[in-house]
Structure formats: C-alpha cells, structure tokens
>>> print(open('model_36.tsv').read())   # TSV, C-alpha atoms and all ligand atoms
chain	number	residue	atom	x	y	z
U	1	MET	CA	123.65	107.45	79.70
U	2	HIS	CA	122.46	104.68	82.03
U	3	ALA	CA	121.48	101.29	80.62
U	4	ASN	CA	119.14	98.83	82.34
U	5	GLU	CA	121.10	97.26	85.11
U	6	THR	CA	120.78	94.49	87.64
U	7	ILE	CA	121.80	95.59	91.09
U	8	SER	CA	122.21	93.44	94.19
U	9	LEU	CA	119.81	94.02	97.08
U	10	LYS	CA	122.77	94.92	99.28
U	11	ASP	CA	124.00	97.60	96.88
U	12	LEU	CA	120.49	98.97	96.30
U	13	SER	CA	119.92	99.13	100.03
U	14	ALA	CA	123.22	101.01	100.56
U	15	GLN	CA	122.31	103.46	97.79
U	16	VAL	CA	118.82	104.13	99.16
U	17	ILE	CA	120.15	104.59	102.70
U	18	GLY	CA	122.74	106.99	101.25
U	19	ILE	CA	120.04	109.02	99.49
U	20	PHE	CA	117.97	109.40	102.63
U	21	THR	CA	120.96	110.16	104.82
U	22	LYS	CA	122.26	112.82	102.43
U	23	ALA	CA	118.79	114.38	102.42
U	24	GLY	CA	118.94	114.75	106.21
U	25	PHE	CA	117.21	111.68	107.62
U	26	SER	CA	118.70	110.12	110.74
U	27	PRO	CA	120.18	106.61	110.42
U	28	LEU	CA	117.10	105.22	112.23
U	29	GLN	CA	114.65	106.81	109.77
U	30	ALA	CA	116.84	106.21	106.69
U	31	GLN	CA	117.37	102.53	107.45
U	32	SER	CA	113.72	101.76	108.15
U	33	LEU	CA	112.66	103.61	104.97
U	34	ALA	CA	115.26	101.82	102.87
U	35	ARG	CA	114.20	98.45	104.27
U	36	VAL	CA	110.59	98.73	103.08
U	37	ILE	CA	111.44	100.43	99.78
U	38	VAL	CA	114.05	97.84	98.84
U	39	ALA	CA	111.66	95.09	99.96
U	40	GLY	CA	109.09	96.57	97.54
U	41	GLU	CA	111.54	96.37	94.63
U	42	ARG	CA	112.71	92.91	95.70
U	43	ASP	CA	109.15	91.57	95.76
U	44	GLY	CA	108.05	93.20	92.50
U	45	CYS	CA	105.79	95.76	94.19
U	46	LYS	CA	106.74	98.76	92.06
U	47	SER	CA	103.97	100.99	93.42
U	48	HIS	CA	105.78	101.06	96.79
U	49	GLY	CA	109.38	100.58	95.70
U	50	ILE	CA	112.01	103.13	94.69
U	51	TYR	CA	109.37	105.20	92.93
U	52	ARG	CA	108.39	106.38	96.45
U	53	ILE	CA	111.80	107.88	97.27
U	54	GLU	CA	111.08	111.21	95.60
U	55	GLY	CA	107.74	111.46	97.43
U	56	CYS	CA	109.52	110.98	100.75
U	57	LEU	CA	112.08	113.64	99.82
U	58	ARG	CA	109.39	116.06	98.59
U	59	THR	CA	107.62	115.57	101.93
U	60	LEU	CA	110.85	116.42	103.74
U	61	ARG	CA	111.50	119.48	101.56
U	62	ALA	CA	107.97	120.70	102.30
U	63	GLY	CA	108.68	120.42	106.04
U	64	LYS	CA	105.90	117.83	106.48
U	65	VAL	CA	107.97	115.03	108.03
U	66	ASN	CA	110.45	115.02	110.89
U	67	PRO	CA	113.60	113.41	109.44
U	68	VAL	CA	115.25	112.85	112.81
U	69	ALA	CA	112.18	111.74	114.76
U	70	VAL	CA	112.80	109.29	117.58
U	71	PRO	CA	109.56	107.36	118.05
U	72	ALA	CA	108.33	107.29	121.66
U	73	LEU	CA	107.19	103.91	122.98
U	74	HIS	CA	104.51	103.73	125.68
U	75	VAL	CA	103.79	100.37	127.26
U	76	ASP	CA	101.52	99.94	130.27
U	77	ASP	CA	99.67	97.08	131.89
U	78	SER	CA	97.18	96.81	129.04
U	79	ALA	CA	97.19	95.06	125.67
U	80	ILE	CA	97.55	98.37	123.83
U	81	VAL	CA	101.10	99.33	122.92
U	82	ARG	CA	101.44	102.91	121.72
U	83	VAL	CA	104.14	104.51	119.63
U	84	ASP	CA	104.12	108.23	118.99
U	85	ALA	CA	106.04	108.55	115.72
U	86	GLN	CA	106.84	112.19	116.55
U	87	GLY	CA	106.12	113.21	112.97
U	88	GLY	CA	108.58	110.73	111.46
U	89	PHE	CA	107.74	107.92	109.06
U	90	ALA	CA	105.61	105.04	110.31
U	91	ASN	CA	108.29	102.48	109.54
U	92	ALA	CA	110.66	103.44	112.35
U	93	ALA	CA	107.66	103.66	114.68
U	94	PHE	CA	106.62	100.11	113.78
U	95	ASP	CA	110.15	98.84	114.37
U	96	THR	CA	110.14	100.61	117.73
U	97	GLY	CA	106.91	98.95	118.87
U	98	LEU	CA	107.35	95.44	117.50
U	99	GLU	CA	109.06	93.83	120.47
U	100	ALA	CA	106.57	95.24	122.98
U	101	LEU	CA	103.68	94.15	120.75
U	102	GLU	CA	105.09	90.62	120.72
U	103	ALA	CA	105.44	90.63	124.50
U	104	GLN	CA	101.88	91.89	125.11
U	105	THR	CA	100.45	89.42	122.56
U	106	ALA	CA	102.19	86.57	124.36
U	107	ARG	CA	100.82	87.88	127.65
U	108	PHE	CA	97.20	88.59	126.68
U	109	GLY	CA	96.64	86.41	123.58
U	110	LEU	CA	95.88	89.51	121.54
U	111	ALA	CA	97.33	92.98	121.56
U	112	ALA	CA	97.33	96.14	119.48
U	113	LEU	CA	100.04	98.49	118.31
U	114	VAL	CA	98.71	102.01	117.91
U	115	ILE	CA	100.98	104.31	115.92
U	116	THR	CA	100.12	108.00	115.98
U	117	ASP	CA	101.49	111.15	114.35
U	118	CYS	CA	103.30	109.29	111.62
U	119	THR	CA	103.92	110.12	107.99
U	120	HIS	CA	102.90	107.10	105.92
U	121	PHE	CA	103.49	105.93	102.39
U	122	SER	CA	104.43	102.28	102.58
U	123	ALA	CA	103.02	98.85	101.89
U	124	LEU	CA	101.76	97.02	104.98
U	125	TRP	CA	102.88	93.50	104.16
U	126	PRO	CA	106.37	93.97	105.67
U	127	GLU	CA	104.64	94.56	108.99
U	128	VAL	CA	102.31	91.55	109.00
U	129	GLU	CA	105.21	89.45	107.73
U	130	ALA	CA	107.29	90.63	110.69
U	131	LEU	CA	104.49	89.57	113.04
U	132	ALA	CA	104.15	86.19	111.33
U	133	ALA	CA	107.91	85.65	111.65
U	134	ARG	CA	107.36	85.95	115.40
U	135	GLY	CA	104.45	83.48	115.38
U	136	MET	CA	101.65	86.04	115.44
U	137	ALA	CA	98.68	86.38	113.12
U	138	GLY	CA	98.19	90.05	112.36
U	139	LEU	CA	95.99	92.68	110.80
U	140	ALA	CA	97.36	96.08	109.84
U	141	MET	CA	95.41	99.03	108.48
U	142	CYS	CA	95.64	102.77	108.05
U	143	PRO	CA	93.79	105.63	106.42
U	144	SER	CA	95.47	107.75	103.78
U	145	TYR	CA	94.18	111.01	102.32
U	146	ALA	CA	90.80	111.61	100.70
U	147	THR	CA	91.13	110.26	97.15
U	148	VAL	CA	88.35	107.64	96.92
U	149	ALA	CA	84.62	108.25	96.52
U	150	PRO	CA	82.35	106.17	98.77
U	151	TYR	CA	80.16	103.73	96.83
U	152	GLY	CA	77.27	105.70	95.33
U	153	GLY	CA	79.08	109.03	95.84
U	154	THR	CA	81.06	111.17	93.42
U	155	GLN	CA	83.62	113.04	95.52
U	156	ALA	CA	86.92	111.91	97.03
U	157	LEU	CA	86.37	111.31	100.75
U	158	LEU	CA	87.87	108.00	101.85
U	159	GLY	CA	91.56	107.12	101.51
U	160	THR	CA	92.94	104.19	99.55
U	161	ASN	CA	93.05	102.69	103.07
U	162	PRO	CA	95.16	99.53	102.87
U	163	ILE	CA	94.47	96.47	104.95
U	164	ALA	CA	96.90	93.57	105.36
U	165	PHE	CA	96.62	90.20	107.04
U	166	GLY	CA	99.33	87.71	107.91
U	167	TRP	CA	99.17	84.11	109.16
U	168	PRO	CA	102.33	82.21	110.17
U	169	ARG	CA	103.04	78.97	108.31
U	170	PRO	CA	105.75	77.03	110.07
U	171	GLY	CA	108.63	76.22	107.74
U	172	GLN	CA	107.40	78.36	104.86
U	173	HIS	CA	106.43	81.89	103.90
U	174	PRO	CA	103.37	83.14	105.77
U	175	TYR	CA	99.95	83.54	104.22
U	176	VAL	CA	99.74	87.29	103.58
U	177	PHE	CA	97.41	89.54	101.69
U	178	ASP	CA	97.75	93.28	101.49
U	179	PHE	CA	95.64	95.57	99.36
U	180	ALA	CA	94.25	99.02	99.00
U	181	THR	CA	90.50	99.17	99.61
U	182	SER	CA	90.29	101.22	96.42
U	183	VAL	CA	90.22	99.31	93.12
U	184	ALA	CA	94.00	99.84	92.98
U	185	ALA	CA	96.58	101.71	94.98
U	186	ARG	CA	96.93	105.38	94.03
U	187	GLY	CA	100.57	104.60	93.30
U	188	GLU	CA	99.33	102.44	90.40
U	189	VAL	CA	97.47	105.43	88.95
U	190	GLU	CA	100.67	107.48	89.26
U	191	LEU	CA	102.66	104.75	87.51
U	192	HIS	CA	100.10	104.72	84.66
U	193	ARG	CA	100.44	108.51	84.40
U	194	ILE	CA	104.23	108.32	84.29
U	195	ALA	CA	104.08	105.56	81.64
U	196	GLY	CA	101.47	107.51	79.61
U	197	LYS	CA	99.07	104.55	79.78
U	198	PRO	CA	95.26	104.72	80.21
U	199	LEU	CA	93.72	103.23	83.32
U	200	PRO	CA	91.57	100.11	83.11
U	201	ASP	CA	87.82	100.80	83.09
U	202	GLY	CA	86.22	101.01	86.51
U	203	TRP	CA	89.13	102.49	88.44
U	204	ALA	CA	88.17	106.13	88.68
U	205	MET	CA	85.89	109.06	87.95
U	206	ASP	CA	86.85	112.59	86.93
U	207	ALA	CA	86.17	115.75	88.93
U	208	GLN	CA	82.64	115.86	87.47
U	209	GLY	CA	81.89	112.34	88.71
U	210	GLN	CA	82.07	110.78	85.22
U	211	PRO	CA	83.96	107.51	84.60
U	212	THR	CA	87.45	108.11	83.23
U	213	THR	CA	90.47	106.14	82.07
U	214	SER	CA	92.73	109.20	82.09
U	215	PRO	CA	95.24	109.02	84.98
U	216	GLU	CA	95.39	112.83	85.13
U	217	ALA	CA	91.59	113.12	85.31
U	218	ALA	CA	91.50	110.35	87.90
U	219	LEU	CA	94.09	112.08	90.06
U	220	ALA	CA	92.03	115.27	89.89
U	221	GLY	CA	88.79	113.35	90.54
U	222	ALA	CA	88.27	110.24	92.65
U	223	MET	CA	89.20	106.59	92.61
U	224	LEU	CA	86.54	103.93	93.24
U	225	PRO	CA	86.44	101.48	96.14
U	226	PHE	CA	87.04	97.81	95.27
U	227	GLY	CA	84.00	95.57	95.30
U	228	GLY	CA	81.41	98.38	95.25
U	229	HIS	CA	79.55	98.80	98.54
U	230	LYS	CA	81.63	96.09	100.23
U	231	GLY	CA	84.99	97.77	99.68
U	232	SER	CA	83.43	101.10	100.58
U	233	ALA	CA	82.29	99.70	103.93
U	234	ILE	CA	85.66	98.08	104.67
U	235	SER	CA	87.38	101.34	103.83
U	236	THR	CA	85.02	103.16	106.18
U	237	MET	CA	85.87	100.64	108.90
U	238	VAL	CA	89.55	101.49	108.44
U	239	GLU	CA	88.72	105.20	108.93
U	240	LEU	CA	86.80	104.34	112.11
U	241	LEU	CA	89.32	101.96	113.69
U	242	ALA	CA	92.63	103.40	112.50
U	243	ALA	CA	91.73	107.08	112.67
U	244	ALA	CA	88.65	108.01	114.73
U	245	MET	CA	89.21	105.30	117.35
U	246	ILE	CA	92.93	105.94	117.86
U	247	GLY	CA	92.48	109.70	117.96
U	248	ASP	CA	94.36	110.48	114.77
U	249	LEU	CA	93.42	112.00	111.42
U	250	THR	CA	90.84	110.53	109.06
U	251	SER	CA	91.58	110.66	105.33
U	252	PRO	CA	89.66	113.93	104.73
U	253	GLU	CA	91.37	115.46	107.77
U	254	ALA	CA	94.77	114.24	106.55
U	255	LEU	CA	94.18	115.88	103.17
U	256	GLU	CA	93.08	119.09	104.83
U	257	PHE	CA	96.20	119.04	107.03
U	258	LEU	CA	98.52	118.45	104.08
U	259	GLY	CA	96.68	120.44	101.40
U	260	THR	CA	97.98	118.21	98.59
U	261	THR	CA	98.21	114.59	97.52
U	262	THR	CA	101.73	115.05	96.14
U	263	LEU	CA	103.29	114.50	99.58
U	264	ALA	CA	103.06	111.57	101.99
U	265	PRO	CA	100.14	112.01	104.40
U	266	ARG	CA	100.26	112.37	108.19
U	267	HIS	CA	97.90	110.09	110.16
U	268	GLY	CA	98.03	106.98	112.35
U	269	GLU	CA	98.04	103.22	111.94
U	270	LEU	CA	96.54	100.28	113.80
U	271	ILE	CA	98.11	96.84	114.01
U	272	LEU	CA	96.29	93.97	115.72
U	273	ALA	CA	98.24	90.88	116.73
U	274	PHE	CA	96.89	87.46	117.72
U	275	ASN	CA	98.51	84.44	119.32
U	276	PRO	CA	96.72	81.56	117.54
U	277	GLN	CA	97.60	78.93	120.16
U	278	ARG	CA	96.11	81.06	122.93
U	279	PHE	CA	92.85	81.43	120.97
U	280	ALA	CA	92.68	77.67	120.39
U	281	ALA	CA	93.42	76.84	124.04
U	282	GLY	CA	91.30	73.98	125.38
U	283	ARG	CA	90.12	72.92	121.92
U	284	GLN	CA	92.54	69.98	121.43
U	285	THR	CA	93.44	71.34	118.05
U	286	ASP	CA	96.48	72.84	116.34
U	287	PRO	CA	95.43	76.03	114.53
U	288	PHE	CA	98.49	75.93	112.28
U	289	ALA	CA	97.87	72.34	111.17
U	290	ARG	CA	94.22	73.14	110.44
U	291	ALA	CA	95.23	76.25	108.52
U	292	GLU	CA	97.48	74.12	106.33
U	293	ILE	CA	94.57	71.88	105.37
U	294	LEU	CA	92.64	74.92	104.16
U	295	LEU	CA	95.54	76.64	102.41
U	296	GLN	CA	96.58	73.44	100.65
U	297	ALA	CA	93.00	72.89	99.53
U	298	ILE	CA	93.09	76.34	97.92
U	299	THR	CA	96.31	75.70	96.02
U	300	GLY	CA	95.14	72.13	95.32
U	301	GLN	CA	92.43	73.62	93.08
U	302	GLY	CA	95.08	75.42	91.05
U	303	ALA	CA	94.33	78.75	92.73
U	304	ARG	CA	97.26	80.77	93.92
U	305	LEU	CA	97.64	82.24	97.37
U	306	PRO	CA	98.08	85.99	97.78
U	307	SER	CA	101.78	86.89	98.06
U	308	GLN	CA	102.79	83.83	96.04
U	309	ARG	CA	103.81	86.13	93.16
U	310	ARG	CA	105.72	88.30	95.62
U	311	TYR	CA	107.58	85.41	97.19
U	312	ALA	CA	108.55	84.09	93.74
U	313	ALA	CA	109.89	87.55	92.81
U	314	ARG	CA	111.75	87.63	96.11
U	315	ASP	CA	113.43	84.27	95.51
U	316	ILE	CA	114.77	85.52	92.17
U	317	ALA	CA	115.84	88.91	93.53
U	318	ILE	CA	117.74	87.34	96.41
U	319	LYS	CA	119.69	85.22	93.94
U	320	THR	CA	120.22	87.71	91.12
U	321	GLY	CA	119.33	91.18	92.40
U	322	VAL	CA	116.74	93.51	90.84
U	323	THR	CA	116.76	95.02	87.38
U	324	LEU	CA	116.21	98.76	87.25
U	325	SER	CA	115.43	100.74	84.13
U	326	ALA	CA	117.73	103.40	82.76
U	327	ASP	CA	115.38	106.10	84.09
U	328	GLU	CA	115.30	104.54	87.55
U	329	ARG	CA	119.09	104.27	87.68
U	330	ALA	CA	119.42	107.87	86.56
U	331	GLN	CA	116.96	109.01	89.22
U	332	LEU	CA	118.84	107.18	91.98
U	333	ALA	CA	122.17	108.54	90.80
U	334	ARG	CA	120.77	112.09	90.67
U	335	LEU	CA	119.28	111.89	94.17
U	336	GLU	CA	122.46	110.33	95.53
U	337	ALA	CA	124.58	113.13	94.08
U	338	GLN	CA	122.28	116.11	94.62
U	339	GLY	CA	120.10	115.26	97.63
U	340	LEU	CA	116.94	117.37	97.84
U	341	ASP	CA	118.15	119.45	94.86
U	342	GLY	CA	117.87	116.34	92.72
U	343	ILE	CA	114.10	116.06	93.11
U	344	SER	CA	112.58	116.27	89.65
T	401	LIG	P1	97.29	94.33	94.53
T	401	LIG	O1	95.94	94.41	93.93
T	401	LIG	O2	98.46	94.40	93.64
T	401	LIG	O3	97.42	93.02	95.39
T	401	LIG	C1	96.57	92.76	96.45
T	401	LIG	C2	96.82	91.43	97.10
T	401	LIG	O4	96.15	90.43	96.33
T	401	LIG	C3	98.28	90.99	97.19
T	401	LIG	O5	98.47	90.34	98.40
T	401	LIG	C4	98.41	90.07	95.98
T	401	LIG	O6	99.45	89.12	96.10
T	401	LIG	C5	97.06	89.41	95.96
T	401	LIG	N1	96.69	88.91	94.63
T	401	LIG	C6	96.76	89.57	93.46
T	401	LIG	N2	96.31	88.78	92.46
T	401	LIG	C7	95.96	87.60	93.03
T	401	LIG	C8	95.45	86.37	92.53
T	401	LIG	N3	95.22	86.20	91.23
T	401	LIG	N4	95.21	85.37	93.40
T	401	LIG	C9	95.45	85.53	94.73
T	401	LIG	N5	95.94	86.66	95.25
T	401	LIG	C10	96.20	87.69	94.42
T	401	LIG	O7	97.43	95.46	95.67
T	401	LIG	P2	96.97	96.98	95.69
T	401	LIG	O8	97.33	97.64	94.40
T	401	LIG	O9	95.60	97.09	96.17
T	401	LIG	O10	97.96	97.53	96.84
T	401	LIG	C11	99.36	97.53	96.61
T	401	LIG	C12	100.09	97.99	97.83
T	401	LIG	O11	99.81	99.34	98.09
T	401	LIG	C13	99.79	97.25	99.13
T	401	LIG	O12	101.00	96.70	99.58
T	401	LIG	C14	99.26	98.31	100.08
T	401	LIG	O13	99.68	98.17	101.43
T	401	LIG	C15	99.85	99.56	99.49
T	401	LIG	N6	99.06	100.73	99.84
T	401	LIG	C16	99.53	101.57	100.82
T	401	LIG	C17	98.78	102.68	101.17
T	401	LIG	C18	99.22	103.57	102.27
T	401	LIG	O14	98.52	104.55	102.56
T	401	LIG	N7	100.29	103.33	102.96
T	401	LIG	C19	97.53	103.01	100.51
T	401	LIG	C20	97.12	102.03	99.53
T	401	LIG	C21	97.88	100.94	99.20
T	401	LIG	P3	100.79	89.29	95.19
T	401	LIG	O15	101.49	90.52	95.75
T	401	LIG	O16	101.54	88.02	95.37
T	401	LIG	O17	100.34	89.51	93.77
T	402	LIG	O1	99.25	103.94	96.76
T	402	LIG	O2	97.26	104.56	97.46
T	402	LIG	C1	98.51	104.56	97.55
T	402	LIG	C2	99.13	105.26	98.66
T	402	LIG	C3	98.63	106.34	99.34
T	402	LIG	C4	99.57	106.66	100.31
T	402	LIG	C5	100.58	105.78	100.19
T	402	LIG	N1	100.30	104.92	99.19
>>> encode(input="model_36.tsv", output="structure tokens", more="lines below")
Ligand code: NDP
Ligand code: PYC
Amino acid sequence: MHANETISLKDLSAQVIGIFTKAGFSPLQAQSLARVIVAGERDGCKSHGIYRIEGCLRTLRAGKVNPVAVPALHVDDSAIVRVDAQGGFANAAFDTGLEALEAQTARFGLAALVITDCTHFSALWPEVEALAARGMAGLAMCPSYATVAPYGGTQALLGTNPIAFGWPRPGQHPYVFDFATSVAARGEVELHRIAGKPLPDGWAMDAQGQPTTSPEAALAGAMLPFGGHKGSAISTMVELLAAAMIGDLTSPEALEFLGTTTLAPRHGELILAFNPQRFAAGRQTDPFARAEILLQAITGQGARLPSQRRYAARDIAIKTGVTLSADERAQLARLEAQGLDGIS
C-alpha cells in the first residue's frame, strides 16, 4: 500500500525517465518528455503532469508515435527554422530547433520555428519560458484534435488549441500566459472524470448539443471555446497558422488520422520569436523597462500576473519536492516495473 509521499524533483525525474526508457523511448525522447512532465508537476499543472504518462505510453502501444525519432533540423537563409519531428513527440523537436531559432531571431529580429509531424500532448509554457530565458519574446500555438464546437455550433470541430506567450523580465521570472482556447483544457475534463466530479456549468455540451456537467457526456460531445465568439476565432486562427499554413494536420484531420481522443494527436506546432530590442530600434526606449512599468501597474492594483501561481508552486517544489497521492505513486511504480504492460 502506498501512502502520500513527497518526492524530490530529481528522483521524480529519474523515475519518469526510467518509465519511458523501459517502454522503449530513446534517451533523447525520454528525457525531453520527462522534463516537461516533471515541470508540470513541479509547477502545479496537474493536467499536463504525470497524469499524461499513461497517454504517452498508450500512444506508443498503439504504434502512433515513433519512440526513437531523431528530429531533423532544416535551417536556410530565411527566418523560418523547420524541424521535422519524424513522428516523435514535439518536445525533442523543440529542443532540437531552439538554438537555431535563437540565432535566426538575433539575425532577423523575428523568426519562426515550424515543427511538423510531431505527436503532441504537452503544455506550451516550457517553450515560451525557454525563449524568454534567451531574451526572446515568444508565441507558441498548436492545434489538437476536434473536441471543441465553434461558437454557435454544436459539434466538435476545433481542438483545445493552446496558445502561450512569454516576455523576458530581466532578473525575474518572465511574464507568461498559456491556455487552451477552450473553456478549459481537455485534461481538466479527464481529471474531473477520474475524480468523479461534475464539470462547472458552461464547459461542455453532450453529443446532442445540450449543455452538460457530466465529464463522460462532455467527452462524448464537445467542449466550448473560452470567451464565446472571441475564443472561437482565436482557436480558428491557431488552426490556420499552426496547421493549414505550415502544411500539417488541422484538428479535424488529426482526429480522423488517429481515430480516437484517447491517444496523443499527431500534428504540427508554430513558435514565433521576437527580439524586443530590434523592434524598438531607433525609438530611444528600452522595451523591457517600459514593460516593467505596465506589469508593475497590474500587480500594483492587487491583480496577479499569469504564471504567478505556477512560479510560487515551483519555488516550493524546488525546496521540498512534490507530493504525490497514493494512487499516483502506485501508478508510477506499476509503470516502472511493468512498462507497457502496466498501462491501466
Ligand atoms: P488555465 O486556465 O489553468 O490557465 C491559463 C493561464 O491563465 C495560466 O497562465 C494561468 O497562470 C493564468 N491564470 C489563471 N488564473 C489567473 C488569474 N486569476 N489571474 C491571472 N492569470 C491567471 O489553463 P488551461 O486549463 O486553459 O490550460 C492548461 C494547460 O493545458 C496549458 O499549459 C496548455 O498549454 C495545455 N494545453 C495543451 C494542449 C495541447 O494540445 N498540447 C491543448 C490544450 C491545453 P497560472 O498557471 O499561474 O495559474
Ligand atoms: O488538455 O486539451 C488538452 C490536451 C489535448 C492534447 C493535449 N492536451
């Protein structure tokens, strides 16, 4: 019997890497997966933490991800850096392209990282944080699979299509937001289902297009976009820029390709990077100093910045580790011992 337990980030990371390696992932894929999953637990983002491990393993067992993919980097004389993920997870592809993206952003003032043929399940904030750590402002976005009805519609068509933004703040954590363009991430609906809890009103409709608070009915029906027509339009923009424009699958195409929402979807991702000083050139102004005036005015009103909760959780986790429930510990132990046979 496993009791609740606090585990250090180092030990959790080693255990997660071990699970992925035993399942057949290469060190490159296993390490990049473990990095974002452990970061999710560390920052209190349960919808993209260790709960995702089984989904990654199910995707492998179904033959829908290449566990030993070596992402292929293509850099030319333009501001577009391309990484073909070769059917592996997006995380290793992002790591592969980051340095070239930084170089092209320094050269042109703005540059894009286009990731294609990746399997994708993760939060996007680790990526915009990585850009901010290198002095770049960044926007990351990707489609998902069709699980969200467009505003005014009744059938799942759009993905939960996350969009993340990061802005470097010298000497402190960057300004970062990262959210699904649905009312909540689908992972949150799954977590409600697992916990046997009803959904808040306004998250979803059932397969007949009627409002529902049942997670099961929501998973069989459609989630709603955040902010009505506004979220619906932003989500559509993500489909256009990070799928149609980069020549990869839209959310309905990704669902058709996969045939299920129980596995991680295959599609692409778009990351845009900006060099703030280059944009401000000739304006006798420091974009970072001006940003601070704005950000401090926000917190000065008592409002909190996005990611503030995450950074606070991170500070605690770095000092004391993360506390996992008995069920979570048991799941990790099972997967560590049994590999793909341990999938529940
Ligand atoms: P949340 O609604 O939990 O959070 C969205 C953002 O808003 C966060 O940056 C959060 O900061 C911030 N925030 C929350 N409350 C406040 C507040 N009161 N004041 C200011 N800021 C606030 O996110 P979602 O459930 O929409 O998405 C969760 C994750 O799921 C994201 O990381 C996203 O990338 C991921 N996702 C991935 C998908 C994929 O296909 N790969 C698909 C959909 C989602 P804080 O964290 O500090 O609370
Ligand atoms: O939580 O909406 C979600 C999600 C979909 C794919 C990966 N995460």
>>> closest_residue(input="model_36.tsv", among="U:Leu158, U:Leu255, U:Val114, U:Ala330", to="U:Leu241", atoms="only C-alpha atoms")
U:Val114
>>> residues_near_ligand(input="model_36.tsv", ligand="ligand LIG 402 (chain T)", cutoff="8 Å", atoms="only C-alpha atoms and all ligand atoms", output="PyMOL selection string")
chain U and resi 47-48+120-123+144-145+159-162+180+182+184-188+264-265
>>> atom_distance(input="model_36.tsv", atom1="atom CA of U:Ala233", atom2="atom O9 of ligand LIG 401 (chain T)")
15.6 Å
>>> atom_distance(input="model_36.tsv", atom1="atom CA of U:Lys230", atom2="atom CA of U:Ala149")
13.1 Å
>>> closest_residue(input="model_36.tsv", among="U:Leu191, U:Ala132, U:Leu332, U:Ala218", to="ligand LIG 401 (chain T)", atoms="all atoms listed in the file")
U:Leu191
